[in-house]
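*Asks:* Right, I'll just put the structure down here and ask away after.
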Amino acid sequence: MSNKDMITQWVCHTSKGTNMTSNESTALLEPTTDRADLAGKYMGFKLDEENFGLVILKVQEIIGLMTITAVPRTPEFVRGVINLRGKVIPVVDLRLKFGLTPKENTELTCIMVVQVTIGESLVTMGLIVDQVSEVMDISADQVEPTPSFGDVEAEKFLLGMGKFQDNVVMLLDADRILSDGEMTMVGAMSEE
């Protein structure tokens, strides 16, 4: 099955959705050390050869790259904004945010549209990733705590390490990928 088929299948499946309030979905994603709380479905994606996952309830849709309007005086990892069906969405390049070497976009490069919590508000933003892989169902016994890297900032946005099909998957907390100040700036961009 191609990436495009997987994405289409995932979007069709999740567009039916479930009725869940933002408080309920946020409560599911509160930081925790209990592995059972981290079990669930994750949208898998790659940056370079590394595997990552975001809690699937945070992912609204996956779209191909489109024209991104640069916004002056923003950090390098903030690529700008896009017009998604009449709504202005800020776009963050995860490669640059994580300090990876910039690389040319490919036909697999895409934008994951996610909803993050800033204070009491939900903000929609795009995350540029090298490619999406698949929806991963990760059980509690497949989750390990985040090891200490000596970098407190890096540890803040990791929920834990998942084991999936002989690979290690870094499970990200979408609400903490950006610092508080960066989140406030991105939230303001989506309101403009």
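Scheme for the structure tokens: letters A, B, ... for chains in order shown; per-chain residue numbers from 1; ligand numbers from 1 in order shown.
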Would you give me, as a PyMOL selection string, the residues in segment 48-178 of chain A that DSSP reads as strand (DSSP E or B)?
*Replies:* chain A and resi 50-55+59-64+69+78-84+87-93+110-118+121-129+131-138+143-144+158-164+167-172
*Asks:* Would you mind listing what lies within 7 Å of Ile82 of chain A as a list of chain:residue names, with only C-alpha atoms counted and same-chain residues fewer than 2 positions away left out?
*Replies:*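 Once the adjacent positions are removed, what remains is A:Thr67, A:Ile68, A:Thr69, A:Leu84, A:Val88, A:Ile89, A:Pro90.
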*Asks:* Between A:Gly126, A:Gly119, A:Gly64, A:Pro72, which is the closest to Asn105 of chain A once you count only C-alpha atoms?
*Replies:*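 Distance minimum relative to Asn105 of chain A lands on A:Gly64.
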*Asks:* Which residues come within 12 Å of segment 168-171 of chain A, counting only C-alpha atoms, excluding same-chain residues fewer than 5 positions away, as a PyMOL selection string?
*Replies:* chain A and resi 29+31+35+38-47+49-56+133-134+136-138+142-147+154-163+176-177
*Asks:* For Gln115 of chain A, work out the shell of residues within 6 Å, counting only C-alpha atoms and skipping chain neighbours fewer than 2 positions away, then give it as a list in words.
*Replies:* Lys58, Val123 and Thr124 of chain A
*Asks:* Ranking A:Gln60, A:Asp48, A:Met112, A:Asp166 by minimum distance to Gly99 of chain A and counting only C-alpha atoms, which one comes first?
*Replies:*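 The closest residue to Gly99 of chain A is A:Asp48.
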*Asks:* How many Å separate atom CA of Val116 of chain A from atom CA of Val81 of chain A?
*Replies:*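 Between these atoms lies a distance of 16.0 Å.
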*Asks:* When distances are computed from only C-alpha atoms, which of A:Val59, A:Ala36, A:Met189, A:Met66 shows the smallest separation from Glu107 of chain A?
*Replies:*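 When distances to Glu107 of chain A are compared using only C-alpha atoms, the smallest one comes from A:Met66.
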